[in-house]
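Working notes, beginning with the structure itself.
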Amino acid sequence: MVGMRIVVLAGGIGGARFLLGVREHARSIGAEVTAIVNVGDDVWMHGLRICPDLDSVMYTLGDGIDPGRGWGRAGETWSVKEELASYGAEPTWFGLGDRDIATHLVRSTMLAAGQPLSAITARLCERWQPGINLLPASDDRVETHVVLADRAIHFQEWWVRHKAELPAQRFVFLGAETATPASGVMEALAQADVILIAPSNPVVSIAPILAIPGIKDALKAPVAGISPIIGGAPVRGMADKCLSAIGVECTAAGVGSLYADFLTAWLVDPADADDTVVNGVTVVPTPLWMTDVPTTATMVRSALSALEK
Ligand code: GDP
Ligand code: CA
């Protein structure tokens with residue numbers, strides 16, 4: 001008998017930590033997990049294709065992540081980055097570690113040979129054994145760009161180089177309109193028993209996934225979302241800057257309202273329980289700090305039981 005099928009929409013670090021809990025709970029109930037991961041952060045640098053969110057998830061679930069930074073490889077060295085800087089090769093503001101570069105070399109070589117990102121990701125996962133089915137949202141190029149007063153720049157430049165300090169007018173998901181969901185994405189959504197929205201950045205991690213035609217309409221199974229905002233602030237990162245750019249309040253209710261069309265249940269921290277009303281959605285107060293894997297697995301259990309009701 002096939003167990004429950006859980007599909008998770010996820011970004012990078014928040015998505016990865018959440019998926020550790022999903023995997024833990026799924027193992028205890030014999031469920032199968034598929035993660036559909038944002039590709040809007042993907043970028044070419046120094047001739048290499050970099051997929052920050054896919055790699056954060058893959059390294060975290062494969063136990064290769066640097067736990068202190070929360071991104072990139074454990075035990076990393078930076079010789080290539082220093083050599084590039086000595087050439088004055090731009091960009092110099094992006095952290096490309098030596099170990100990490102091996103991943104980007106394998107990916108870029110396979111891309112050049114015409115392989116789709118989904119197949120490349122599966123190949124990389126043969127090494128990392130994440131214990132879930134890891135899919136990019138699209139095999140096509142979809143890139144988040146940030147519109148400023150005088151120009152538009154790639155999301156990575158805005159986020160990493162400028163630390164989200166340049167006022168953003170809006171975010172554009174270049175290529176999304178003509179992109180199609182990656183191989184396996186529509187099948188996973190069609191077969192899902194439940195869909196979870198990770199506590200990822202709603203504006204630049206979840207929205208670019210939903211911008212790919214077909215995905216939003218395929219959210220037919222019951223959907224539970226987990227708020228990335230606790231007590232009116234992002235737990236880490238600069239989601240507040242992204243939300244203010246699109247005119248949404250940085251609260252659990254604000255993010256819930258972005259998802260109201262397709263949510264069945266919205267998990268908020270007890271700190272936000274009294275203030276959160278999302279029309280037509282069951283609000284479920286549950287501790288949302290992902291302090292460790294068992295705590296995160298408990299969060300996942302609450303999400304699934306809210307969907308059973
Ligand atoms: P990124 O792509 O690496 O920026 O990561 P994501 O978009 O997947 O996740 C970033 C979001 O995770 C931020 O908005 C944080 O508020 C949220 N986040 C990080 N840690 C926690 C946590 O322990 N609990 C909750 N609820 N959200 C968290
Ligand atoms: Ca990201």
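Following the order of the structure tokens, chains are lettered A, B, ..., residues in each are numbered from 1, and ligands are numbered from 1.
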
**OP:** Write out as a list in words all residues of stretch 88-160 of chain A that DSSP puts in strand (DSSP E) for this structure's backbone.
**Re:**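 Restricting stretch 88-160 of chain A to strand (DSSP E) produces Asn133, Leu134, Leu135, Pro136, Glu143, Thr144, His145, Val146, Val147, Ala152, Ile153 and His154 of chain A.
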
If you keep C-alpha atoms, can you produce a file of those selected residues as a PDB file, in the first residue's frame?
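The result, written out as again35.pdb:
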ATOM      1  CA  ASN A 133      11.938  13.690  -3.831  1.00  0.00           C
ATOM      2  CA  LEU A 134      13.536  17.054  -4.611  1.00  0.00           C
ATOM      3  CA  LEU A 135      12.181  18.978  -7.611  1.00  0.00           C
ATOM      4  CA  PRO A 136      12.923  22.430  -8.974  1.00  0.00           C
ATOM      5  CA  GLU A 143      14.665  34.624 -12.226  1.00  0.00           C
ATOM      6  CA  THR A 144      13.537  37.096  -9.619  1.00  0.00           C
ATOM      7  CA  HIS A 145      14.601  40.648 -10.391  1.00  0.00           C
ATOM      8  CA  VAL A 146      14.059  43.632  -8.140  1.00  0.00           C
ATOM      9  CA  VAL A 147      12.773  46.867  -9.615  1.00  0.00           C
ATOM     10  CA  ALA A 152      16.267  46.528 -12.047  1.00  0.00           C
ATOM     11  CA  ILE A 153      18.815  44.103 -10.582  1.00  0.00           C
ATOM     12  CA  HIS A 154      18.956  40.372  -9.967  1.00  0.00           C
TER      13      HIS A 154
END

Original post:
Residues at most 7 Å from stretch 226-243 of chain A, counting only C-alpha atoms, excluding those fewer than 2 positions away in the same chain, as a list of chain:residue names?
Top reply: A:Ala164, A:Ile197, A:Ala198, A:Pro199, A:Ser200, A:Asn201, A:Val203, A:Ala224, A:Ala245, A:Ile246, A:Gly247, A:Val248, A:Glu249, A:Cys250, A:Thr251, A:Ala252, A:Trp266, A:Leu267, A:Val268, A:Asp269, A:Ala271, A:Asp272

Original post:
From the list A:Ser257, A:Val160, A:Leu148, A:Gly95, which residue is nearest ligand 2 when using only C-alpha atoms and all ligand atoms?
Top reply: A:Val160

Could I get the residues of stretch 11-85 of chain A with an atom no further than 7 Å from an atom of stretch 296-302 of chain A, each paired with its nearest atom pair and that distance in Å to one decimal, using only C-alpha atoms, sorted by chain and residue number, as a tab-separated table?
residue	atom	partner	partner_atom	distance
A:Phe18	CA	A:Thr296	CA	6.4
A:Gly21	CA	A:Ala297	CA	4.0
A:Val22	CA	A:Ala297	CA	5.9
A:Glu24	CA	A:Ala297	CA	6.0
A:His25	CA	A:Ala297	CA	5.2

Output N, CA and C atoms of each residue in that selection to a file, as a CSV table (one decimal), in the first residue's frame.
chain,number,residue,atom,x,y,z
A,18,PHE,N,12.4,23.3,7.6
A,18,PHE,CA,11.1,22.7,7.7
A,18,PHE,C,11.1,21.3,7.2
A,21,GLY,N,11.9,18.5,9.5
A,21,GLY,CA,10.8,18.1,10.3
A,21,GLY,C,9.8,17.2,9.5
A,22,VAL,N,9.6,17.6,8.3
A,22,VAL,CA,8.6,16.9,7.4
A,22,VAL,C,9.1,15.5,7.2
A,24,GLU,N,11.2,13.8,9.1
A,24,GLU,CA,11.1,13.0,10.3
A,24,GLU,C,9.7,12.5,10.6
A,25,HIS,N,8.7,13.4,10.4
A,25,HIS,CA,7.4,12.9,10.7
A,25,HIS,C,6.9,11.9,9.6

Subject >> Contacts with ligand 2 at most 12 Å, only C-alpha atoms and all ligand atoms counted, listed as a ChimeraX atom specification >> reply: /A:10-16,37-43,50-57,70-71,143-144,155-156,159-160,199-209,237-239

Subject >> Spatial neighbours of A:Arg73, max dist 7 Å, only C-alpha atoms, sep filter under 2 positions, as a ChimeraX atom specification >> reply: /A:64-66,71,75-76,99-100

Those same residues, written as a PDB file, in the first residue's frame with all heavy atoms?
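The file below, again36.pdb, is the result:
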ATOM      1  N   GLY A  64      25.190  17.961   4.633  1.00  0.00           N
ATOM      2  CA  GLY A  64      26.431  18.564   4.140  1.00  0.00           C
ATOM      3  C   GLY A  64      26.456  20.071   4.338  1.00  0.00           C
ATOM      4  O   GLY A  64      27.396  20.751   3.911  1.00  0.00           O
ATOM      5  N   ILE A  65      25.432  20.603   4.990  1.00  0.00           N
ATOM      6  CA  ILE A  65      25.301  22.056   5.135  1.00  0.00           C
ATOM      7  C   ILE A  65      26.268  22.584   6.199  1.00  0.00           C
ATOM      8  O   ILE A  65      26.616  21.873   7.128  1.00  0.00           O
ATOM      9  CB  ILE A  65      23.840  22.421   5.529  1.00  0.00           C
ATOM     10  CG1 ILE A  65      23.512  23.891   5.267  1.00  0.00           C
ATOM     11  CG2 ILE A  65      23.538  22.076   6.990  1.00  0.00           C
ATOM     12  CD1 ILE A  65      23.070  24.172   3.880  1.00  0.00           C
ATOM     13  N   ASP A  66      26.687  23.831   6.056  1.00  0.00           N
ATOM     14  CA  ASP A  66      27.406  24.495   7.147  1.00  0.00           C
ATOM     15  C   ASP A  66      26.349  24.962   8.157  1.00  0.00           C
ATOM     16  O   ASP A  66      25.560  25.849   7.849  1.00  0.00           O
ATOM     17  CB  ASP A  66      28.180  25.700   6.600  1.00  0.00           C
ATOM     18  CG  ASP A  66      28.978  26.395   7.698  1.00  0.00           C
ATOM     19  OD1 ASP A  66      28.359  26.910   8.654  1.00  0.00           O
ATOM     20  OD2 ASP A  66      30.210  26.397   7.598  1.00  0.00           O
ATOM     21  N   TRP A  71      23.889  28.071   5.043  1.00  0.00           N
ATOM     22  CA  TRP A  71      23.950  27.842   3.599  1.00  0.00           C
ATOM     23  C   TRP A  71      25.365  27.382   3.257  1.00  0.00           C
ATOM     24  O   TRP A  71      26.300  27.587   4.043  1.00  0.00           O
ATOM     25  CB  TRP A  71      23.587  29.106   2.801  1.00  0.00           C
ATOM     26  CG  TRP A  71      24.445  30.304   3.105  1.00  0.00           C
ATOM     27  CD1 TRP A  71      24.214  31.241   4.071  1.00  0.00           C
ATOM     28  CD2 TRP A  71      25.691  30.676   2.484  1.00  0.00           C
ATOM     29  NE1 TRP A  71      25.223  32.166   4.085  1.00  0.00           N
ATOM     30  CE2 TRP A  71      26.142  31.846   3.114  1.00  0.00           C
ATOM     31  CE3 TRP A  71      26.457  30.122   1.452  1.00  0.00           C
ATOM     32  CZ2 TRP A  71      27.342  32.483   2.750  1.00  0.00           C
ATOM     33  CZ3 TRP A  71      27.654  30.757   1.096  1.00  0.00           C
ATOM     34  CH2 TRP A  71      28.075  31.925   1.742  1.00  0.00           C
ATOM     35  N   GLY A  75      32.762  22.705   6.385  1.00  0.00           N
ATOM     36  CA  GLY A  75      34.207  22.537   6.163  1.00  0.00           C
ATOM     37  C   GLY A  75      34.679  23.227   4.900  1.00  0.00           C
ATOM     38  O   GLY A  75      35.627  22.786   4.246  1.00  0.00           O
ATOM     39  N   GLU A  76      34.016  24.314   4.536  1.00  0.00           N
ATOM     40  CA  GLU A  76      34.291  25.000   3.266  1.00  0.00           C
ATOM     41  C   GLU A  76      35.638  25.738   3.312  1.00  0.00           C
ATOM     42  O   GLU A  76      36.109  26.167   4.366  1.00  0.00           O
ATOM     43  CB  GLU A  76      33.153  26.003   2.994  1.00  0.00           C
ATOM     44  CG  GLU A  76      33.128  26.611   1.612  1.00  0.00           C
ATOM     45  CD  GLU A  76      33.057  25.582   0.499  1.00  0.00           C
ATOM     46  OE1 GLU A  76      34.096  24.986   0.214  1.00  0.00           O
ATOM     47  OE2 GLU A  76      31.971  25.401  -0.085  1.00  0.00           O
ATOM     48  N   ARG A  99      34.198  23.820  -2.173  1.00  0.00           N
ATOM     49  CA  ARG A  99      33.408  22.582  -2.207  1.00  0.00           C
ATOM     50  C   ARG A  99      32.103  22.790  -2.962  1.00  0.00           C
ATOM     51  O   ARG A  99      31.672  21.953  -3.756  1.00  0.00           O
ATOM     52  CB  ARG A  99      33.083  22.132  -0.782  1.00  0.00           C
ATOM     53  CG  ARG A  99      34.295  21.663  -0.045  1.00  0.00           C
ATOM     54  CD  ARG A  99      33.932  21.161   1.325  1.00  0.00           C
ATOM     55  NE  ARG A  99      34.953  20.220   1.755  1.00  0.00           N
ATOM     56  CZ  ARG A  99      34.827  19.384   2.772  1.00  0.00           C
ATOM     57  NH1 ARG A  99      33.722  19.375   3.499  1.00  0.00           N
ATOM     58  NH2 ARG A  99      35.792  18.572   3.073  1.00  0.00           N
ATOM     59  N   ASP A 100      31.478  23.914  -2.678  1.00  0.00           N
ATOM     60  CA  ASP A 100      30.220  24.271  -3.322  1.00  0.00           C
ATOM     61  C   ASP A 100      30.401  24.353  -4.843  1.00  0.00           C
ATOM     62  O   ASP A 100      29.519  23.942  -5.611  1.00  0.00           O
ATOM     63  CB  ASP A 100      29.795  25.635  -2.745  1.00  0.00           C
ATOM     64  CG  ASP A 100      28.342  25.956  -2.969  1.00  0.00           C
ATOM     65  OD1 ASP A 100      27.547  25.018  -3.170  1.00  0.00           O
ATOM     66  OD2 ASP A 100      28.001  27.151  -2.922  1.00  0.00           O
TER      67      ASP A 100
END

Subject >> helix (DSSP H, G or I) positions in stretch 70-287 of chain A, given as a ChimeraX atom specification >> reply: /A:79-86,98-112,117-128,155-161,176-178,185-191,202-210,216-218,239-245,252-259,270-275

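A straight line drawn from atom CA of A:Ala211 to atom CA of A:Ala179 is 9.1 Å long.
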
Which residues are close to A:Cys125, i.e. within 10 Å by only C-alpha atoms, leaving aside same-chain residues fewer than 3 positions away? Reply as a compact mmCIF listing (two decimals) with N, CA and C atoms, in the first residue's frame.
# COMPACT_ATOMS: atom_id res chain seq x y z
N ASP A 55 20.14 24.03 -3.45
CA ASP A 55 21.34 23.56 -2.77
C ASP A 55 21.19 23.63 -1.25
N MET A 58 19.19 20.57 -0.46
CA MET A 58 19.95 19.34 -0.69
C MET A 58 21.06 19.14 0.34
N TYR A 59 21.80 20.20 0.62
CA TYR A 59 22.88 20.08 1.61
C TYR A 59 22.32 19.87 3.02
N LEU A 61 19.38 18.45 3.95
CA LEU A 61 18.83 17.11 4.12
C LEU A 61 19.90 16.03 3.93
N GLY A 62 20.97 16.36 3.21
CA GLY A 62 22.06 15.41 2.99
C GLY A 62 23.17 15.53 4.02
N ALA A 119 16.49 16.71 -13.87
CA ALA A 119 17.33 15.51 -13.99
C ALA A 119 18.69 15.74 -13.32
N ILE A 120 19.19 16.97 -13.44
CA ILE A 120 20.48 17.30 -12.82
C ILE A 120 20.35 17.23 -11.29
N THR A 121 19.24 17.75 -10.79
CA THR A 121 19.01 17.73 -9.35
C THR A 121 18.94 16.28 -8.85
N ALA A 122 18.27 15.44 -9.62
CA ALA A 122 18.18 14.01 -9.24
C ALA A 122 19.58 13.40 -9.21
N TRP A 128 23.69 12.98 -2.32
CA TRP A 128 23.26 13.55 -1.03
C TRP A 128 22.15 12.77 -0.35
N GLN A 129 21.45 11.93 -1.08
CA GLN A 129 20.41 11.08 -0.48
C GLN A 129 19.53 11.85 0.50
N PRO A 130 18.81 12.86 0.02
CA PRO A 130 18.03 13.69 0.94
C PRO A 130 16.84 12.97 1.58
N GLY A 131 16.48 11.81 1.05
CA GLY A 131 15.37 11.07 1.66
C GLY A 131 14.00 11.61 1.28
N ILE A 132 13.97 12.56 0.37
CA ILE A 132 12.72 13.07 -0.19
C ILE A 132 12.94 13.21 -1.69
N ASN A 133 11.85 13.43 -2.41
CA ASN A 133 11.94 13.69 -3.83
C ASN A 133 12.10 15.20 -3.99
N LEU A 134 13.23 15.61 -4.52
CA LEU A 134 13.54 17.05 -4.61
C LEU A 134 13.38 17.53 -6.05

Original post:
Closest to ligand 1 among A:Gly184, A:Gly280, A:Gly72, A:Gly3, using only C-alpha atoms and all ligand atoms?
Top reply: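 Comparing A:Gly184, A:Gly280, A:Gly72, A:Gly3 against ligand 1, the winner is A:Gly72.
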
**OP:** Tell me, as a list of chain:residue names, which residues lie within 10 Å of A:Asp261, counting only C-alpha atoms; anything in the same chain fewer than 5 positions away does not count.
**Re:**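 So the residues in contact are A:Lys216, A:Gly256, A:Asn279, A:Gly280, A:Val281.
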
List as a JSON list (two decimals) with N, CA and C atoms, in the first residue's frame the protein and nucleic acid residues near A:Pro213, meaning an atom at most 8 Å away when only C-alpha atoms are counted, but skip any in the same chain fewer than 4 places from it.
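File selection_0.json, as written:
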[["chain", "number", "residue", "atom", "x", "y", "z"],
["A", 176, "ALA", "N", 8.79, 33.68, -15.93],
["A", 176, "ALA", "CA", 7.76, 32.84, -15.31],
["A", 176, "ALA", "C", 6.56, 32.62, -16.22],
["A", 177, "GLU", "N", 6.15, 33.69, -16.93],
["A", 177, "GLU", "CA", 4.93, 33.58, -17.75],
["A", 177, "GLU", "C", 5.00, 32.47, -18.79],
["A", 178, "THR", "N", 6.18, 32.28, -19.35],
["A", 178, "THR", "CA", 6.30, 31.28, -20.41],
["A", 178, "THR", "C", 6.93, 29.98, -19.89],
["A", 179, "ALA", "N", 7.21, 29.93, -18.59],
["A", 179, "ALA", "CA", 7.83, 28.72, -18.02],
["A", 179, "ALA", "C", 6.76, 27.65, -17.82],
["A", 180, "THR", "N", 7.19, 26.42, -17.77],
["A", 180, "THR", "CA", 6.28, 25.34, -17.39],
["A", 180, "THR", "C", 6.83, 24.66, -16.14],
["A", 181, "PRO", "N", 5.94, 24.02, -15.36],
["A", 181, "PRO", "CA", 6.42, 23.30, -14.18],
["A", 181, "PRO", "C", 7.42, 22.22, -14.59]]

Subject >> atom CA of A:Ile215 to atom CA of A:Arg27, straight-line distance in Å >> reply: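 Computed distance, atom CA of A:Arg27 to atom CA of A:Ile215, equals 26.5 Å.
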
**OP:** Return the single residue from A:Ala182, A:Val283, A:Ala137, A:Ala168 that is closest to A:Pro116, with distances computed using only C-alpha atoms.
**Re:** A:Ala182

Subject >> Among listed residues A:Ile212, A:Asp193, A:Ser86, A:Met186, nearest A:Arg141 (using only C-alpha atoms) >> reply: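 Once distances to A:Arg141 are computed over only C-alpha atoms, the minimum belongs to A:Ile212.
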
Original post:
Counting only C-alpha atoms, what is within 12 Å of A:Glu83, bar same-chain residues fewer than 5 positions away, as a PyMOL selection string?
Top reply: chain A and resi 78+88-90+92+96-98

Just to be explicit: take each residue in the selection above, keep all heavy atoms, and write the result as a PDB file, in the first residue's frame.
ATOM      1  N   TRP A  78      37.941  28.730   0.668  1.00  0.00           N
ATOM      2  CA  TRP A  78      37.572  29.833  -0.223  1.00  0.00           C
ATOM      3  C   TRP A  78      38.685  30.220  -1.196  1.00  0.00           C
ATOM      4  O   TRP A  78      38.773  31.366  -1.626  1.00  0.00           O
ATOM      5  CB  TRP A  78      37.161  31.047   0.637  1.00  0.00           C
ATOM      6  CG  TRP A  78      36.081  30.688   1.607  1.00  0.00           C
ATOM      7  CD1 TRP A  78      36.241  30.243   2.888  1.00  0.00           C
ATOM      8  CD2 TRP A  78      34.667  30.674   1.355  1.00  0.00           C
ATOM      9  NE1 TRP A  78      35.009  29.965   3.456  1.00  0.00           N
ATOM     10  CE2 TRP A  78      34.029  30.227   2.540  1.00  0.00           C
ATOM     11  CE3 TRP A  78      33.876  31.000   0.251  1.00  0.00           C
ATOM     12  CZ2 TRP A  78      32.636  30.085   2.647  1.00  0.00           C
ATOM     13  CZ3 TRP A  78      32.492  30.872   0.356  1.00  0.00           C
ATOM     14  CH2 TRP A  78      31.894  30.414   1.548  1.00  0.00           C
ATOM     15  N   GLY A  88      40.185  40.541 -10.011  1.00  0.00           N
ATOM     16  CA  GLY A  88      39.158  41.580 -10.071  1.00  0.00           C
ATOM     17  C   GLY A  88      37.923  41.095 -10.815  1.00  0.00           C
ATOM     18  O   GLY A  88      37.181  41.886 -11.405  1.00  0.00           O
ATOM     19  N   ALA A  89      37.698  39.778 -10.804  1.00  0.00           N
ATOM     20  CA  ALA A  89      36.557  39.215 -11.546  1.00  0.00           C
ATOM     21  C   ALA A  89      35.267  39.433 -10.764  1.00  0.00           C
ATOM     22  O   ALA A  89      35.137  38.981  -9.637  1.00  0.00           O
ATOM     23  CB  ALA A  89      36.789  37.730 -11.795  1.00  0.00           C
ATOM     24  N   GLU A  90      34.335  40.160 -11.387  1.00  0.00           N
ATOM     25  CA  GLU A  90      33.035  40.429 -10.757  1.00  0.00           C
ATOM     26  C   GLU A  90      32.096  39.244 -10.977  1.00  0.00           C
ATOM     27  O   GLU A  90      32.196  38.582 -12.005  1.00  0.00           O
ATOM     28  CB  GLU A  90      32.411  41.691 -11.370  1.00  0.00           C
ATOM     29  CG  GLU A  90      33.180  42.971 -11.094  1.00  0.00           C
ATOM     30  CD  GLU A  90      33.069  43.435  -9.651  1.00  0.00           C
ATOM     31  OE1 GLU A  90      32.142  42.982  -8.937  1.00  0.00           O
ATOM     32  OE2 GLU A  90      33.910  44.237  -9.230  1.00  0.00           O
ATOM     33  N   THR A  92      32.282  40.043  -6.837  1.00  0.00           N
ATOM     34  CA  THR A  92      33.135  39.636  -5.717  1.00  0.00           C
ATOM     35  C   THR A  92      32.336  39.499  -4.430  1.00  0.00           C
ATOM     36  O   THR A  92      32.862  39.037  -3.423  1.00  0.00           O
ATOM     37  CB  THR A  92      34.256  40.672  -5.489  1.00  0.00           C
ATOM     38  OG1 THR A  92      33.626  41.949  -5.397  1.00  0.00           O
ATOM     39  CG2 THR A  92      35.256  40.674  -6.620  1.00  0.00           C
ATOM     40  N   LEU A  96      31.193  32.044  -2.966  1.00  0.00           N
ATOM     41  CA  LEU A  96      31.288  30.770  -3.681  1.00  0.00           C
ATOM     42  C   LEU A  96      32.441  29.979  -3.091  1.00  0.00           C
ATOM     43  O   LEU A  96      33.600  30.285  -3.330  1.00  0.00           O
ATOM     44  CB  LEU A  96      31.599  31.029  -5.155  1.00  0.00           C
ATOM     45  CG  LEU A  96      30.466  31.216  -6.140  1.00  0.00           C
ATOM     46  CD1 LEU A  96      31.029  31.276  -7.547  1.00  0.00           C
ATOM     47  CD2 LEU A  96      29.444  30.102  -6.020  1.00  0.00           C
ATOM     48  N   GLY A  97      32.122  28.959  -2.315  1.00  0.00           N
ATOM     49  CA  GLY A  97      33.166  28.152  -1.681  1.00  0.00           C
ATOM     50  C   GLY A  97      33.692  27.081  -2.616  1.00  0.00           C
ATOM     51  O   GLY A  97      33.039  26.707  -3.596  1.00  0.00           O
ATOM     52  N   ASP A  98      34.872  26.593  -2.307  1.00  0.00           N
ATOM     53  CA  ASP A  98      35.511  25.589  -3.169  1.00  0.00           C
ATOM     54  C   ASP A  98      34.676  24.322  -3.292  1.00  0.00           C
ATOM     55  O   ASP A  98      34.506  23.777  -4.385  1.00  0.00           O
ATOM     56  CB  ASP A  98      36.899  25.229  -2.621  1.00  0.00           C
ATOM     57  CG  ASP A  98      37.815  26.448  -2.537  1.00  0.00           C
ATOM     58  OD1 ASP A  98      37.611  27.391  -3.325  1.00  0.00           O
ATOM     59  OD2 ASP A  98      38.715  26.447  -1.678  1.00  0.00           O
TER      60      ASP A  98
END
